[in-house]
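K.L.:
This is the structure, below, for whatever I ask next.
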Amino acid sequence: MKKIHSNNYYSKLKKDKNKIKKEKLNLKLKIGFLLLFFVLLFVIIVPMTDKVKDIQYFTNENGSSRLVYDFPSFKHLLGTDAHGRDIFYRLAFGGRVTLAFTFVIVLSELFLGFIIGSVAGFTGGFIDRILMQITDMFNCIPFLPLMMLTAGIMDRFNPGDFQRIVILCVVYSVFGWTGFARLIRGEILNVKNKDFIAAAKTSGLSNIRIVVNHIYPVIFPQIIAVIPFHFARVMLTESALGFLGLGIRYPNPSWGNMLDAMRNLFVIKNYPFAYIPVAILILITTSAFWLLGEGAKEKLQKNK
Amino acid sequence: MTKFLFKRILTGIVIIIGVSFLQYALLRLLPSDFIEKQFMGSFELSPEKIAELKNLYGLNNGIVTGFALWFKGVLKGDFGISFTDGRKVAEIIGEKLPFSFFLSLSALLAELAFAFALAVSSINKKSYKSKFAEVLTLLCMCLPTFFIGSVMQLLLFSGLKILPLSGALNAKNYILGNKASRIFDVILHLLMPVFVLIIAGFGRYFKSIKSNLNTVMKERYILNARLKGLSYKETIKKHALKNSITPVLTAIGGNLPSLFSGAMITETLFSLPGLGLLSYERLMSCDIPFVMAFNLLITTMTVLGSILSDILYAVFNPQVRF
């Protein structure tokens, strides 16, 4: 038992600490985190089970003797797809690929956007103008043609599967960092003229230290509210790319890939298990991110 | 103000030239050209004839000379001749552009109207209408476009047999029908794609309108209008909506290029004869003049869109001055 001396300044602080209410999470945040947690559980744990080695989820080595578009059964929960591969396990592995892809892209876009936005916002003047022109240039590149070009190049050079995913990540983040750069530059411009920055400058801190230690904590809430929406948008574009055949190619599973069953009206009508679980999973994940974003926004508005 | 416009237009032109050069370089640096894609592995053409063809098509120039030639042509108004067709690129784009533009424009207007209506009903946060609006936007923003399109095709064509599956016109109507039946047929064919575009697209407008509307409703002039005696509906119509329009304008300026580029996914799904499907095909076959002209169009529209949104922002908000 700790001895707390009464009526000391520090003992009063300790007592107050126990009384401070913890800030509750928003309902939206709770639902968002819950959904995301379940999706991550599914995606991380299912591929680690022992049954995976027996199930054909990746390639189809037996050729046409495999059942194509098999209905859900105990052997294949959720059935098989057009090439006889088990859909349930493809969902799990594809989830890993898609989520990792989204995560890496958003992180690299954040990184690039942070660097360029902070430099442009804080330095100002000529460098700011040049960097903003470069951002505008990158903004004007149309997305789908760029993706088609990369698919064309990769068709010719035939890289390995992993290299293909890396190239896609690089191209996508090169395309998409402009939004973050503009946002961060705008926020820094808002904050730059305030007194505490002048105080930091006069006390001799280097520029980088001012930006990292003083400006970023002020900007952070605004950016946190935008990031989950970006996750959702990247995930949706990844599925669109997979549908068009421009993203991750089979035999690598990916949620966008699995939706290519929807090209055929016959499949849509007769084999709903081929695409509805995928769509539901995409819906759940994107709504989880969306709810996280909305909840973060609401909490920030309340704190103001 | 004019000085600002002048600067923006100048930088815009520089951006257009830079981006066009980048795209031309990318297209030329592709490993397999248009001719190789057509004739790869065939016995008809010997390598000398292939080199001759490449000279004819202008694929043997250096990148900078090729770009300079193309740009000179553009300044004169000649956008070149498409590789696949042999027709003028300006003609091809001019044929398909009104269709895509009409489709995207009608979808945009309907999206805006729908987003406004939903935002107005979600002012009072605790009512059921607002929760319904939020859940609806959530569902619509989180589904991929082609999923919505395919499900709608399934429901309305295979299930209820109301609307036609794809294309823009029935052949019978095109040949035999009169103008009225043709127009009616086109509208019937376009209903599903427009509906899909609306469902997929109203979410982002709804978000910005709602947040702006909430800040506007807390202003004092709204209270003043209510105290004067205006009903709830009238205050919203006369005061709130006009003041919450600014994010919509910036969003429209940013979405201007998509009005012209066509909605590639929806057009592929519904096989509509618009610019999206065409550009997809031409891009896959590396048809350089067409792709360059198309990208020029989109880049110009992007630059114009950003300038337009800034101008509209200044028009609607007199406090903003450059």
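Ordered as shown in the structure tokens, chains take letters A, B, and onward, while each chain numbers its residues from 1 and ligands are numbered from 1 in the order shown.
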Between chain B and chain A, at 6 Å or less, what are the per-residue closest atom pairs and their distances in Å? Count only C-alpha atoms, order by chain and rising residue number, and return it as a tab-separated table.

P.N.:
```
residue	atom	partner	partner_atom	distance
B:Ile15	CA	A:Met137	CA	5.7
B:Cys142	CA	A:Thr286	CA	5.4
B:Leu143	CA	A:Leu283	CA	5.7
B:Pro144	CA	A:Leu236	CA	5.8
B:Thr299	CA	A:Cys140	CA	5.6
```

K.L.:
Using the selection just defined, write its residues with C-alpha atoms as an mmCIF file, in the first residue's frame.

P.N.:
```
data_model
loop_
_atom_site.group_PDB
_atom_site.id
_atom_site.type_symbol
_atom_site.label_atom_id
_atom_site.label_comp_id
_atom_site.auth_asym_id
_atom_site.auth_seq_id
_atom_site.Cartn_x
_atom_site.Cartn_y
_atom_site.Cartn_z
ATOM 1 C CA ILE B 15 1.185 23.187 -66.519
ATOM 2 C CA CYS B 142 -18.751 2.545 -49.572
ATOM 3 C CA LEU B 143 -19.757 0.353 -52.464
ATOM 4 C CA PRO B 144 -17.763 0.193 -55.655
ATOM 5 C CA THR B 299 -5.707 18.680 -68.417
#
```

K.L.:
Between CA of Phe116 (chain B) and CA of Leu138 (chain B), what is the distance, to one decimal in Å?

P.N.:
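These atoms are spaced 16.1 Å apart.
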
K.L.:
Suppose you want the space between CA of Leu308 (chain B) and CA of Phe260 (chain B); what is it in Å?

P.N.:
15.4 Å

K.L.:
Mind checking which residues fall within 12 Å of Phe273 (chain A), counting only C-alpha atoms, ignoring those fewer than 3 positions away in the same chain, and posting them as a PDB file with N, CA, C and O atoms, in the first residue's frame?

P.N.:
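File produced: around-v1.pdb:
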```pdb
ATOM      1  N   TYR A  69     -17.390 -22.902 -59.977  1.00  0.00           N
ATOM      2  CA  TYR A  69     -18.578 -22.265 -59.416  1.00  0.00           C
ATOM      3  C   TYR A  69     -19.394 -23.242 -58.595  1.00  0.00           C
ATOM      4  O   TYR A  69     -20.598 -23.383 -58.751  1.00  0.00           O
ATOM      5  N   ASP A  70     -18.706 -23.946 -57.741  1.00  0.00           N
ATOM      6  CA  ASP A  70     -19.365 -24.883 -56.855  1.00  0.00           C
ATOM      7  C   ASP A  70     -20.137 -24.122 -55.799  1.00  0.00           C
ATOM      8  O   ASP A  70     -19.666 -23.128 -55.266  1.00  0.00           O
ATOM      9  N   PHE A  71     -21.320 -24.600 -55.473  1.00  0.00           N
ATOM     10  CA  PHE A  71     -22.103 -23.916 -54.452  1.00  0.00           C
ATOM     11  C   PHE A  71     -21.486 -24.134 -53.082  1.00  0.00           C
ATOM     12  O   PHE A  71     -20.715 -25.053 -52.881  1.00  0.00           O
ATOM     13  N   PRO A  72     -21.834 -23.285 -52.118  1.00  0.00           N
ATOM     14  CA  PRO A  72     -21.234 -23.432 -50.789  1.00  0.00           C
ATOM     15  C   PRO A  72     -21.523 -24.788 -50.187  1.00  0.00           C
ATOM     16  O   PRO A  72     -22.624 -25.308 -50.271  1.00  0.00           O
ATOM     17  N   SER A  73     -20.530 -25.370 -49.592  1.00  0.00           N
ATOM     18  CA  SER A  73     -20.687 -26.688 -48.991  1.00  0.00           C
ATOM     19  C   SER A  73     -19.771 -26.733 -47.793  1.00  0.00           C
ATOM     20  O   SER A  73     -19.101 -25.751 -47.472  1.00  0.00           O
ATOM     21  N   HIS A  76     -16.093 -26.451 -49.138  1.00  0.00           N
ATOM     22  CA  HIS A  76     -15.724 -25.090 -49.486  1.00  0.00           C
ATOM     23  C   HIS A  76     -16.786 -24.167 -48.925  1.00  0.00           C
ATOM     24  O   HIS A  76     -17.842 -24.003 -49.526  1.00  0.00           O
ATOM     25  N   LEU A  77     -16.483 -23.566 -47.763  1.00  0.00           N
ATOM     26  CA  LEU A  77     -17.403 -22.554 -47.275  1.00  0.00           C
ATOM     27  C   LEU A  77     -17.409 -21.441 -48.291  1.00  0.00           C
ATOM     28  O   LEU A  77     -16.381 -20.976 -48.695  1.00  0.00           O
ATOM     29  N   LEU A  78     -18.561 -21.021 -48.688  1.00  0.00           N
ATOM     30  CA  LEU A  78     -18.741 -19.955 -49.674  1.00  0.00           C
ATOM     31  C   LEU A  78     -18.406 -20.377 -51.097  1.00  0.00           C
ATOM     32  O   LEU A  78     -18.398 -19.564 -51.991  1.00  0.00           O
ATOM     33  N   GLY A  79     -18.160 -21.634 -51.348  1.00  0.00           N
ATOM     34  CA  GLY A  79     -18.082 -22.074 -52.727  1.00  0.00           C
ATOM     35  C   GLY A  79     -16.762 -21.783 -53.419  1.00  0.00           C
ATOM     36  O   GLY A  79     -15.797 -21.344 -52.828  1.00  0.00           O
ATOM     37  N   THR A  80     -16.719 -22.064 -54.707  1.00  0.00           N
ATOM     38  CA  THR A  80     -15.508 -21.824 -55.490  1.00  0.00           C
ATOM     39  C   THR A  80     -15.807 -20.818 -56.577  1.00  0.00           C
ATOM     40  O   THR A  80     -16.947 -20.596 -56.938  1.00  0.00           O
ATOM     41  N   ASP A  81     -14.744 -20.253 -57.102  1.00  0.00           N
ATOM     42  CA  ASP A  81     -14.929 -19.213 -58.114  1.00  0.00           C
ATOM     43  C   ASP A  81     -14.739 -19.811 -59.504  1.00  0.00           C
ATOM     44  O   ASP A  81     -14.752 -21.012 -59.685  1.00  0.00           O
ATOM     45  N   ALA A  82     -14.525 -18.929 -60.500  1.00  0.00           N
ATOM     46  CA  ALA A  82     -14.536 -19.363 -61.892  1.00  0.00           C
ATOM     47  C   ALA A  82     -13.441 -20.355 -62.214  1.00  0.00           C
ATOM     48  O   ALA A  82     -13.518 -21.064 -63.207  1.00  0.00           O
ATOM     49  N   ASP A  86     -11.162 -21.920 -53.847  1.00  0.00           N
ATOM     50  CA  ASP A  86     -12.063 -21.720 -52.716  1.00  0.00           C
ATOM     51  C   ASP A  86     -12.187 -20.235 -52.391  1.00  0.00           C
ATOM     52  O   ASP A  86     -11.196 -19.537 -52.229  1.00  0.00           O
ATOM     53  N   ILE A  87     -13.424 -19.775 -52.273  1.00  0.00           N
ATOM     54  CA  ILE A  87     -13.626 -18.328 -52.130  1.00  0.00           C
ATOM     55  C   ILE A  87     -13.327 -17.851 -50.718  1.00  0.00           C
ATOM     56  O   ILE A  87     -12.773 -16.769 -50.528  1.00  0.00           O
ATOM     57  N   PHE A  88     -13.680 -18.682 -49.730  1.00  0.00           N
ATOM     58  CA  PHE A  88     -13.530 -18.231 -48.351  1.00  0.00           C
ATOM     59  C   PHE A  88     -12.080 -17.907 -48.044  1.00  0.00           C
ATOM     60  O   PHE A  88     -11.742 -16.860 -47.500  1.00  0.00           O
ATOM     61  N   LEU A  91     -10.857 -14.931 -49.835  1.00  0.00           N
ATOM     62  CA  LEU A  91     -11.241 -13.693 -49.162  1.00  0.00           C
ATOM     63  C   LEU A  91     -10.224 -13.309 -48.104  1.00  0.00           C
ATOM     64  O   LEU A  91      -9.814 -12.153 -48.007  1.00  0.00           O
ATOM     65  N   MET A 258     -11.418 -10.413 -57.072  1.00  0.00           N
ATOM     66  CA  MET A 258     -12.479 -11.389 -56.959  1.00  0.00           C
ATOM     67  C   MET A 258     -13.779 -10.855 -57.498  1.00  0.00           C
ATOM     68  O   MET A 258     -14.707 -11.616 -57.717  1.00  0.00           O
ATOM     69  N   LEU A 259     -13.842  -9.518 -57.683  1.00  0.00           N
ATOM     70  CA  LEU A 259     -15.078  -8.974 -58.204  1.00  0.00           C
ATOM     71  C   LEU A 259     -15.155  -9.080 -59.713  1.00  0.00           C
ATOM     72  O   LEU A 259     -16.123  -8.621 -60.307  1.00  0.00           O
ATOM     73  N   ALA A 261     -15.826 -11.482 -61.247  1.00  0.00           N
ATOM     74  CA  ALA A 261     -16.955 -12.346 -61.565  1.00  0.00           C
ATOM     75  C   ALA A 261     -18.144 -11.530 -62.041  1.00  0.00           C
ATOM     76  O   ALA A 261     -19.060 -12.055 -62.667  1.00  0.00           O
ATOM     77  N   MET A 262     -18.127 -10.212 -61.763  1.00  0.00           N
ATOM     78  CA  MET A 262     -19.276  -9.413 -62.101  1.00  0.00           C
ATOM     79  C   MET A 262     -19.269  -8.948 -63.544  1.00  0.00           C
ATOM     80  O   MET A 262     -20.090  -8.141 -63.926  1.00  0.00           O
ATOM     81  N   VAL A 267     -23.220 -15.073 -64.549  1.00  0.00           N
ATOM     82  CA  VAL A 267     -22.649 -15.380 -63.246  1.00  0.00           C
ATOM     83  C   VAL A 267     -23.400 -14.630 -62.159  1.00  0.00           C
ATOM     84  O   VAL A 267     -23.711 -15.168 -61.099  1.00  0.00           O
ATOM     85  N   ILE A 268     -23.704 -13.367 -62.445  1.00  0.00           N
ATOM     86  CA  ILE A 268     -24.366 -12.549 -61.426  1.00  0.00           C
ATOM     87  C   ILE A 268     -25.704 -13.148 -61.055  1.00  0.00           C
ATOM     88  O   ILE A 268     -26.116 -13.160 -59.904  1.00  0.00           O
ATOM     89  N   LYS A 269     -26.403 -13.661 -62.078  1.00  0.00           N
ATOM     90  CA  LYS A 269     -27.736 -14.145 -61.792  1.00  0.00           C
ATOM     91  C   LYS A 269     -27.693 -15.469 -61.048  1.00  0.00           C
ATOM     92  O   LYS A 269     -28.456 -15.689 -60.125  1.00  0.00           O
ATOM     93  N   ASN A 270     -26.805 -16.358 -61.477  1.00  0.00           N
ATOM     94  CA  ASN A 270     -26.912 -17.725 -60.979  1.00  0.00           C
ATOM     95  C   ASN A 270     -25.991 -18.060 -59.830  1.00  0.00           C
ATOM     96  O   ASN A 270     -26.270 -18.980 -59.091  1.00  0.00           O
ATOM     97  N   ILE A 276     -21.143 -11.659 -53.836  1.00  0.00           N
ATOM     98  CA  ILE A 276     -21.786 -10.962 -52.713  1.00  0.00           C
ATOM     99  C   ILE A 276     -20.929 -10.951 -51.456  1.00  0.00           C
ATOM    100  O   ILE A 276     -20.815  -9.903 -50.816  1.00  0.00           O
ATOM    101  N   PRO A 277     -20.275 -12.044 -51.054  1.00  0.00           N
ATOM    102  CA  PRO A 277     -19.427 -11.953 -49.853  1.00  0.00           C
ATOM    103  C   PRO A 277     -18.317 -10.926 -50.002  1.00  0.00           C
ATOM    104  O   PRO A 277     -18.009 -10.194 -49.060  1.00  0.00           O
ATOM    105  N   VAL A 278     -17.703 -10.866 -51.184  1.00  0.00           N
ATOM    106  CA  VAL A 278     -16.641  -9.885 -51.404  1.00  0.00           C
ATOM    107  C   VAL A 278     -17.174  -8.481 -51.247  1.00  0.00           C
ATOM    108  O   VAL A 278     -16.587  -7.642 -50.563  1.00  0.00           O
ATOM    109  N   ALA A 279     -18.329  -8.250 -51.885  1.00  0.00           N
ATOM    110  CA  ALA A 279     -18.902  -6.910 -51.811  1.00  0.00           C
ATOM    111  C   ALA A 279     -19.248  -6.547 -50.378  1.00  0.00           C
ATOM    112  O   ALA A 279     -19.035  -5.414 -49.945  1.00  0.00           O
ATOM    113  N   ILE A 280     -19.770  -7.539 -49.641  1.00  0.00           N
ATOM    114  CA  ILE A 280     -20.123  -7.257 -48.246  1.00  0.00           C
ATOM    115  C   ILE A 280     -18.876  -6.925 -47.448  1.00  0.00           C
ATOM    116  O   ILE A 280     -18.856  -6.002 -46.634  1.00  0.00           O
TER     117      ILE A 280
END
```

K.L.:
Could you go through region 73-280 of chain A and tell me which residues DSSP, when run on the backbone, assigns to alpha helix (DSSP H), listing them as a PyMOL selection string?

P.N.:
chain A and resi 87-123+125-140+143-157+161-176+178-192+195-202+207-210+216-224+227-244+255-258+265-270+276-280

K.L.:
Go ahead and write the residues just picked, C-alpha atoms, as a compact mmCIF listing (two decimals), in the first residue's frame.

P.N.:
```
# COMPACT_ATOMS: atom_id res chain seq x y z
CA ILE A 87 -13.63 -18.33 -52.13
CA PHE A 88 -13.53 -18.23 -48.35
CA TYR A 89 -9.78 -18.57 -48.13
CA ARG A 90 -9.32 -16.30 -51.10
CA LEU A 91 -11.24 -13.69 -49.16
CA ALA A 92 -8.87 -14.01 -46.24
CA PHE A 93 -5.69 -13.91 -48.30
CA GLY A 94 -7.08 -11.28 -50.61
CA GLY A 95 -7.97 -9.23 -47.58
CA ARG A 96 -4.38 -9.33 -46.48
CA VAL A 97 -3.21 -8.17 -49.89
CA THR A 98 -5.82 -5.44 -50.24
CA LEU A 99 -5.44 -4.08 -46.73
CA ALA A 100 -1.66 -4.11 -46.89
CA PHE A 101 -1.81 -2.41 -50.29
CA THR A 102 -4.14 0.31 -48.99
CA PHE A 103 -2.10 0.82 -45.87
CA VAL A 104 1.20 1.13 -47.70
CA ILE A 105 -0.24 3.53 -50.25
CA VAL A 106 -1.80 5.81 -47.65
CA LEU A 107 1.37 5.83 -45.59
CA SER A 108 3.60 6.70 -48.52
CA GLU A 109 1.18 9.39 -49.70
CA LEU A 110 1.18 10.83 -46.19
CA PHE A 111 4.94 10.77 -46.10
CA LEU A 112 5.38 12.50 -49.44
CA GLY A 113 2.59 14.95 -48.76
CA PHE A 114 3.97 15.82 -45.35
CA ILE A 115 7.43 16.54 -46.64
CA ILE A 116 6.40 18.58 -49.63
CA GLY A 117 3.53 20.31 -47.86
CA SER A 118 5.58 21.29 -44.84
CA VAL A 119 8.48 22.58 -46.91
CA ALA A 120 6.17 24.56 -49.14
CA GLY A 121 4.03 25.88 -46.31
CA PHE A 122 6.72 26.83 -43.89
CA THR A 123 9.33 28.20 -46.28
CA GLY A 125 7.94 32.51 -51.29
CA PHE A 126 9.60 31.16 -54.39
CA ILE A 127 10.01 27.57 -53.21
CA ASP A 128 6.38 27.51 -52.18
CA ARG A 129 5.26 28.60 -55.64
CA ILE A 130 7.41 26.09 -57.43
CA LEU A 131 6.30 23.23 -55.23
CA MET A 132 2.68 24.17 -55.68
CA GLN A 133 3.14 24.20 -59.44
CA ILE A 134 4.66 20.74 -59.26
CA THR A 135 1.72 19.59 -57.15
CA ASP A 136 -0.69 21.02 -59.72
CA MET A 137 1.15 19.17 -62.45
CA PHE A 138 0.89 15.89 -60.64
CA ASN A 139 -2.74 16.65 -59.90
CA CYS A 140 -3.54 17.01 -63.58
CA PHE A 143 -5.64 8.41 -63.01
CA LEU A 144 -7.01 5.62 -65.15
CA PRO A 145 -4.78 6.27 -68.17
CA LEU A 146 -1.77 6.25 -65.85
CA MET A 147 -2.83 2.92 -64.43
CA MET A 148 -3.42 1.52 -67.89
CA LEU A 149 0.03 2.62 -68.95
CA THR A 150 1.60 0.89 -65.96
CA ALA A 151 -0.37 -2.25 -66.72
CA GLY A 152 0.85 -2.09 -70.31
CA ILE A 153 4.45 -1.66 -69.25
CA MET A 154 4.23 -4.47 -66.76
CA ASP A 155 2.69 -6.73 -69.36
CA ARG A 156 5.71 -6.26 -71.50
CA PHE A 157 8.33 -6.71 -68.84
CA ASP A 161 3.98 -10.95 -58.39
CA PHE A 162 5.46 -9.10 -55.48
CA GLN A 163 7.31 -6.67 -57.73
CA ARG A 164 4.07 -5.98 -59.52
CA ILE A 165 2.35 -4.99 -56.30
CA VAL A 166 5.29 -2.78 -55.33
CA ILE A 167 5.21 -1.01 -58.70
CA LEU A 168 1.47 -0.44 -58.35
CA CYS A 169 1.98 1.02 -54.89
CA VAL A 170 4.68 3.36 -56.16
CA VAL A 171 2.65 4.57 -59.13
CA TYR A 172 -0.48 5.08 -57.06
CA SER A 173 1.24 7.05 -54.33
CA VAL A 174 3.10 9.15 -56.91
CA PHE A 175 -0.29 10.04 -58.27
CA GLY A 176 -2.08 10.70 -55.03
CA THR A 178 -1.18 16.01 -53.93
CA GLY A 179 -4.24 16.07 -51.71
CA PHE A 180 -2.25 15.71 -48.52
CA ALA A 181 0.35 18.22 -49.65
CA ARG A 182 -2.27 20.87 -50.25
CA LEU A 183 -4.01 20.15 -46.98
CA ILE A 184 -0.84 20.32 -44.92
CA ARG A 185 0.36 23.45 -46.65
CA GLY A 186 -2.98 25.13 -45.99
CA GLU A 187 -2.93 24.21 -42.33
CA ILE A 188 0.65 25.35 -41.89
CA LEU A 189 -0.18 28.66 -43.54
CA ASN A 190 -2.99 29.10 -41.04
CA VAL A 191 -0.72 28.47 -38.09
CA LYS A 192 2.48 30.08 -39.32
CA ASP A 195 2.69 34.16 -31.73
CA PHE A 196 4.05 30.93 -30.40
CA ILE A 197 5.83 30.28 -33.68
CA ALA A 198 7.48 33.70 -33.47
CA ALA A 199 8.45 32.91 -29.91
CA ALA A 200 9.96 29.63 -30.98
CA LYS A 201 11.92 31.32 -33.74
CA THR A 202 13.30 33.99 -31.45
CA ASN A 207 13.21 25.33 -38.56
CA ILE A 208 12.78 21.59 -38.60
CA ARG A 209 12.40 21.49 -34.85
CA ILE A 210 9.76 24.21 -34.94
CA TYR A 216 2.58 19.30 -36.19
CA PRO A 217 0.79 18.77 -32.84
CA VAL A 218 -1.51 21.65 -33.68
CA ILE A 219 -2.20 20.41 -37.20
CA PHE A 220 -2.49 16.76 -36.28
CA PRO A 221 -6.24 16.69 -35.37
CA GLN A 222 -7.23 18.20 -38.70
CA ILE A 223 -5.30 15.62 -40.62
CA ILE A 224 -6.42 12.69 -38.49
CA ILE A 227 -6.98 10.00 -43.26
CA PRO A 228 -9.70 7.35 -42.77
CA PHE A 229 -11.71 8.77 -45.67
CA HIS A 230 -8.62 8.46 -47.77
CA PHE A 231 -8.26 4.83 -46.73
CA ALA A 232 -11.82 4.19 -47.87
CA ARG A 233 -11.27 5.91 -51.19
CA VAL A 234 -8.03 4.06 -51.93
CA MET A 235 -9.72 0.77 -51.10
CA LEU A 236 -12.58 1.52 -53.48
CA THR A 237 -10.24 2.52 -56.30
CA GLU A 238 -8.23 -0.62 -55.72
CA SER A 239 -11.36 -2.69 -56.18
CA ALA A 240 -12.22 -0.73 -59.33
CA LEU A 241 -8.75 -1.37 -60.71
CA GLY A 242 -9.06 -5.04 -59.93
CA PHE A 243 -12.38 -5.16 -61.73
CA LEU A 244 -10.89 -3.57 -64.81
CA TRP A 255 -10.78 -8.14 -53.18
CA GLY A 256 -10.94 -6.18 -56.39
CA ASN A 257 -9.72 -9.20 -58.29
CA MET A 258 -12.48 -11.39 -56.96
CA LEU A 265 -24.50 -11.29 -66.21
CA PHE A 266 -24.98 -15.07 -66.18
CA VAL A 267 -22.65 -15.38 -63.25
CA ILE A 268 -24.37 -12.55 -61.43
CA LYS A 269 -27.74 -14.14 -61.79
CA ASN A 270 -26.91 -17.73 -60.98
CA ILE A 276 -21.79 -10.96 -52.71
CA PRO A 277 -19.43 -11.95 -49.85
CA VAL A 278 -16.64 -9.88 -51.40
CA ALA A 279 -18.90 -6.91 -51.81
CA ILE A 280 -20.12 -7.26 -48.25
```

K.L.:
Please, what distance in Å, to one decimal, runs between CA of Ser258 (chain B) and CA of Ile9 (chain B)?

P.N.:
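Here the two named atoms are 20.4 Å from each other.
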
K.L.:
Name all residues at most 10 Å from region 120-126 of chain B (count only C-alpha atoms; drop same-chain ones fewer than 2 positions away) and give them as a ChimeraX atom specification.

P.N.:
/B:114-118,128-134,206,209-211,213-214,217,233,236-237,240-241

K.L.:
Can those selected residues be exported to a file as an mmCIF file, in the first residue's frame so that it contains N, CA and C atoms?

P.N.:
```
data_model
loop_
_atom_site.group_PDB
_atom_site.id
_atom_site.type_symbol
_atom_site.label_atom_id
_atom_site.label_comp_id
_atom_site.auth_asym_id
_atom_site.auth_seq_id
_atom_site.Cartn_x
_atom_site.Cartn_y
_atom_site.Cartn_z
ATOM 1 N N PHE B 114 -30.128 15.975 -55.185
ATOM 2 C CA PHE B 114 -30.353 14.947 -54.175
ATOM 3 C C PHE B 114 -29.559 15.246 -52.911
ATOM 4 N N ALA B 115 -28.296 15.673 -53.087
ATOM 5 C CA ALA B 115 -27.460 15.963 -51.921
ATOM 6 C C ALA B 115 -28.029 17.127 -51.124
ATOM 7 N N PHE B 116 -28.522 18.155 -51.828
ATOM 8 C CA PHE B 116 -29.135 19.281 -51.130
ATOM 9 C C PHE B 116 -30.351 18.843 -50.334
ATOM 10 N N ALA B 117 -31.193 18.033 -50.994
ATOM 11 C CA ALA B 117 -32.412 17.601 -50.307
ATOM 12 C C ALA B 117 -32.069 16.809 -49.055
ATOM 13 N N LEU B 118 -31.096 15.892 -49.178
ATOM 14 C CA LEU B 118 -30.701 15.099 -48.019
ATOM 15 C C LEU B 118 -30.079 15.960 -46.938
ATOM 16 N N TYR B 128 -34.995 11.304 -37.133
ATOM 17 C CA TYR B 128 -34.789 10.052 -37.847
ATOM 18 C C TYR B 128 -34.341 10.291 -39.267
ATOM 19 N N LYS B 129 -34.811 11.404 -39.840
ATOM 20 C CA LYS B 129 -34.436 11.692 -41.226
ATOM 21 C C LYS B 129 -32.926 11.838 -41.354
ATOM 22 N N SER B 130 -32.302 12.504 -40.395
ATOM 23 C CA SER B 130 -30.868 12.734 -40.531
ATOM 24 C C SER B 130 -30.099 11.431 -40.384
ATOM 25 N N LYS B 131 -30.588 10.569 -39.464
ATOM 26 C CA LYS B 131 -29.876 9.298 -39.305
ATOM 27 C C LYS B 131 -30.025 8.442 -40.554
ATOM 28 N N PHE B 132 -31.235 8.493 -41.132
ATOM 29 C CA PHE B 132 -31.446 7.759 -42.368
ATOM 30 C C PHE B 132 -30.545 8.287 -43.469
ATOM 31 N N ALA B 133 -30.423 9.629 -43.539
ATOM 32 C CA ALA B 133 -29.563 10.218 -44.576
ATOM 33 C C ALA B 133 -28.122 9.776 -44.386
ATOM 34 N N GLU B 134 -27.679 9.743 -43.130
ATOM 35 C CA GLU B 134 -26.285 9.346 -42.893
ATOM 36 C C GLU B 134 -26.044 7.907 -43.278
ATOM 37 N N PHE B 206 -22.811 15.558 -50.520
ATOM 38 C CA PHE B 206 -23.624 15.587 -49.313
ATOM 39 C C PHE B 206 -22.787 15.963 -48.099
ATOM 40 N N ILE B 209 -21.866 19.737 -48.230
ATOM 41 C CA ILE B 209 -23.034 20.606 -48.060
ATOM 42 C C ILE B 209 -23.520 20.542 -46.629
ATOM 43 N N LYS B 210 -23.521 19.332 -46.053
ATOM 44 C CA LYS B 210 -24.060 19.195 -44.709
ATOM 45 C C LYS B 210 -23.236 19.985 -43.693
ATOM 46 N N SER B 211 -21.893 19.874 -43.806
ATOM 47 C CA SER B 211 -21.084 20.575 -42.816
ATOM 48 C C SER B 211 -21.252 22.082 -42.954
ATOM 49 N N LEU B 213 -23.859 23.630 -44.201
ATOM 50 C CA LEU B 213 -25.211 24.006 -43.792
ATOM 51 C C LEU B 213 -25.309 24.093 -42.277
ATOM 52 N N ASN B 214 -24.624 23.169 -41.588
ATOM 53 C CA ASN B 214 -24.665 23.217 -40.134
ATOM 54 C C ASN B 214 -24.039 24.485 -39.589
ATOM 55 N N MET B 217 -26.494 27.401 -40.310
ATOM 56 C CA MET B 217 -27.727 27.452 -39.534
ATOM 57 C C MET B 217 -27.503 28.040 -38.147
ATOM 58 N N LYS B 233 -39.128 26.403 -43.915
ATOM 59 C CA LYS B 233 -38.773 26.114 -45.305
ATOM 60 C C LYS B 233 -38.269 27.364 -46.002
ATOM 61 N N ILE B 236 -34.732 28.408 -45.057
ATOM 62 C CA ILE B 236 -33.712 27.574 -45.682
ATOM 63 C C ILE B 236 -33.552 27.936 -47.139
ATOM 64 N N LYS B 237 -34.666 28.057 -47.819
ATOM 65 C CA LYS B 237 -34.572 28.349 -49.242
ATOM 66 C C LYS B 237 -33.891 29.676 -49.479
ATOM 67 N N ALA B 240 -30.297 30.027 -46.139
ATOM 68 C CA ALA B 240 -29.275 29.036 -45.791
ATOM 69 C C ALA B 240 -28.632 28.416 -47.019
ATOM 70 N N LEU B 241 -29.462 28.045 -48.003
ATOM 71 C CA LEU B 241 -28.914 27.328 -49.145
ATOM 72 C C LEU B 241 -27.931 28.168 -49.932
#
```
